[in-house]
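Presented below is the structure to which this report refers.
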Amino acid sequence: METTERNRFRELLDELRSDLRNQLGELGANPDEDSLETGDFDFGFADSAQSTAERGKVLALIDRLRGQLREVERALRKIEDGTYGLCERCGQPINNERLEALPYSTLCVSCKQKESA
Ligand SMILES: [Zn+2]
């Protein structure tokens with residue numbers, strides 16, 4: 001991958017990363033911790049039944065955002081070590097359209113299809 005392209009993807013990933021960290025911060029989660037200290041959470045819901053349901057939703061969202069953040073950080077490390085844009089399974093370059101759509105893709109289209117098949 002050319003340097004200019006790599007820099008562009010790095011910018012995309014950087015933006016994604018700050019975006020995800022902001023979202024996690026707004027939800028009251030520490031982006032740098034993997035496990036949730038549920039005891040530290042205070043979502044400020046007065047009704048306890050609603051609170052439990054809402055809390056479940058928020059925790060699921062936090063989990064998803066954290067997963068994405070890990071992927072983005074991994075992609076950024078791959079940019080640094082020069083393996084970014086290569087399929088982790090077959091080692092072939094992942095096409096740019098796919099990377100544009102999902103900058104932290106780790107598999108090429110055909111490996112991804114095999115995986116989900
Ligand atoms: Zn592949």
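Residues are named by chain letter and number: chains run A, B, ... in the order of the structure tokens, numbers start at 1 in each chain, and ligands are numbered from 1 in the order shown.
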What residues have any atom no more than 9 Å from ligand 1 when counting only C-alpha atoms and all ligand atoms, and can you list them as a PyMOL selection string? chain A and resi 86-94+106-112
Closest of A:Thr3, A:Gln50, A:Gln113, A:Ser18 to Gly82 in chain A, counting only C-alpha atoms, is A:Thr3
Compile the contact shell of Leu102 in chain A as a PDB file with N, CA and C atoms, in the first residue's frame: residues with an atom at most 12 Å away, counting only C-alpha atoms, same-chain residues fewer than 3 positions apart removed.
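Now in around22.pdb:
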```pdb
ATOM      1  N   PHE A   9      -5.863   6.203   5.456  1.00  0.00           N
ATOM      2  CA  PHE A   9      -6.546   5.234   6.305  1.00  0.00           C
ATOM      3  C   PHE A   9      -6.225   5.464   7.778  1.00  0.00           C
ATOM      4  N   LEU A  12      -8.529   8.117   8.898  1.00  0.00           N
ATOM      5  CA  LEU A  12      -9.868   7.548   9.080  1.00  0.00           C
ATOM      6  C   LEU A  12      -9.964   6.799  10.403  1.00  0.00           C
ATOM      7  N   LEU A  13      -8.951   5.981  10.654  1.00  0.00           N
ATOM      8  CA  LEU A  13      -8.948   5.167  11.870  1.00  0.00           C
ATOM      9  C   LEU A  13      -8.800   6.027  13.118  1.00  0.00           C
ATOM     10  N   LEU A  16     -12.148   7.484  13.796  1.00  0.00           N
ATOM     11  CA  LEU A  16     -13.003   6.449  14.366  1.00  0.00           C
ATOM     12  C   LEU A  16     -12.679   6.216  15.832  1.00  0.00           C
ATOM     13  N   GLN A  68     -15.324  -2.635  18.814  1.00  0.00           N
ATOM     14  CA  GLN A  68     -14.918  -1.856  17.639  1.00  0.00           C
ATOM     15  C   GLN A  68     -13.635  -1.094  17.912  1.00  0.00           C
ATOM     16  N   GLU A  71     -10.666  -3.281  17.574  1.00  0.00           N
ATOM     17  CA  GLU A  71     -10.371  -3.548  16.160  1.00  0.00           C
ATOM     18  C   GLU A  71      -9.655  -2.357  15.525  1.00  0.00           C
ATOM     19  N   VAL A  72     -10.150  -1.161  15.851  1.00  0.00           N
ATOM     20  CA  VAL A  72      -9.548   0.053  15.293  1.00  0.00           C
ATOM     21  C   VAL A  72      -8.105   0.199  15.783  1.00  0.00           C
ATOM     22  N   ALA A  75      -5.926  -2.197  13.980  1.00  0.00           N
ATOM     23  CA  ALA A  75      -5.649  -1.741  12.615  1.00  0.00           C
ATOM     24  C   ALA A  75      -4.569  -0.657  12.619  1.00  0.00           C
ATOM     25  N   GLY A  85      -4.016  -3.682   5.748  1.00  0.00           N
ATOM     26  CA  GLY A  85      -4.597  -3.890   4.424  1.00  0.00           C
ATOM     27  C   GLY A  85      -4.347  -5.278   3.873  1.00  0.00           C
ATOM     28  N   ILE A  94      -6.371  -6.652   0.946  1.00  0.00           N
ATOM     29  CA  ILE A  94      -7.816  -6.445   1.017  1.00  0.00           C
ATOM     30  C   ILE A  94      -8.133  -5.278   0.096  1.00  0.00           C
ATOM     31  N   ASN A  95      -9.156  -5.399  -0.750  1.00  0.00           N
ATOM     32  CA  ASN A  95      -9.350  -4.304  -1.705  1.00  0.00           C
ATOM     33  C   ASN A  95      -9.815  -3.010  -1.028  1.00  0.00           C
ATOM     34  N   ASN A  96      -9.446  -1.893  -1.665  1.00  0.00           N
ATOM     35  CA  ASN A  96      -9.640  -0.583  -1.049  1.00  0.00           C
ATOM     36  C   ASN A  96     -11.091  -0.236  -0.778  1.00  0.00           C
ATOM     37  N   GLU A  97     -11.982  -0.696  -1.664  1.00  0.00           N
ATOM     38  CA  GLU A  97     -13.397  -0.408  -1.432  1.00  0.00           C
ATOM     39  C   GLU A  97     -13.861  -0.970  -0.099  1.00  0.00           C
ATOM     40  N   ARG A  98     -13.367  -2.172   0.187  1.00  0.00           N
ATOM     41  CA  ARG A  98     -13.734  -2.805   1.445  1.00  0.00           C
ATOM     42  C   ARG A  98     -13.146  -2.031   2.623  1.00  0.00           C
ATOM     43  N   LEU A  99     -11.907  -1.590   2.485  1.00  0.00           N
ATOM     44  CA  LEU A  99     -11.261  -0.831   3.553  1.00  0.00           C
ATOM     45  C   LEU A  99     -11.924   0.538   3.744  1.00  0.00           C
ATOM     46  N   SER A 105     -11.104  -3.691   8.661  1.00  0.00           N
ATOM     47  CA  SER A 105     -11.273  -5.056   8.160  1.00  0.00           C
ATOM     48  C   SER A 105      -9.985  -5.850   8.339  1.00  0.00           C
ATOM     49  N   THR A 106     -10.112  -7.101   8.734  1.00  0.00           N
ATOM     50  CA  THR A 106      -8.913  -7.934   8.877  1.00  0.00           C
ATOM     51  C   THR A 106      -8.895  -9.084   7.873  1.00  0.00           C
ATOM     52  N   LEU A 107     -10.017  -9.301   7.193  1.00  0.00           N
ATOM     53  CA  LEU A 107     -10.086 -10.386   6.217  1.00  0.00           C
ATOM     54  C   LEU A 107     -10.506  -9.844   4.861  1.00  0.00           C
ATOM     55  N   CYS A 108     -10.003 -10.464   3.787  1.00  0.00           N
ATOM     56  CA  CYS A 108     -10.438 -10.072   2.461  1.00  0.00           C
ATOM     57  C   CYS A 108     -11.858 -10.607   2.229  1.00  0.00           C
ATOM     58  N   VAL A 109     -12.459 -10.162   1.151  1.00  0.00           N
ATOM     59  CA  VAL A 109     -13.862 -10.506   0.906  1.00  0.00           C
ATOM     60  C   VAL A 109     -14.074 -12.022   0.842  1.00  0.00           C
TER      61      VAL A 109
END
```
So that I can check the surroundings of range 55-61 of chain A, please list as a VMD selection string every protein, DNA and RNA residue that reaches within 8 Å of it, counting only C-alpha atoms and ignoring chain neighbours fewer than 3 positions away. chain A and resid 27 43 51 to 52 64 to 65
Find the spatial neighbours of Glu73 in chain A, counting only C-alpha atoms, within a cut-off of 12 Å - ignore same-chain residues fewer than 3 positions away - and output them as an MDAnalysis selection string. chainID A and resid 10 12:18 20:21 31:32 66:70 76:80 84 103:105
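Residue nearest Glu11 in chain A, chosen from A:Glu54, A:Glu33, A:Glu26, A:Glu100 and counting only C-alpha atoms: A:Glu100.
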Using DSSP assignments from the backbone, pull out every residue in chain A that falls under helix (DSSP H, G or I) and give it to me as a PyMOL selection string. chain A and resi 3-26+38-40+48-81+96-101+109-116
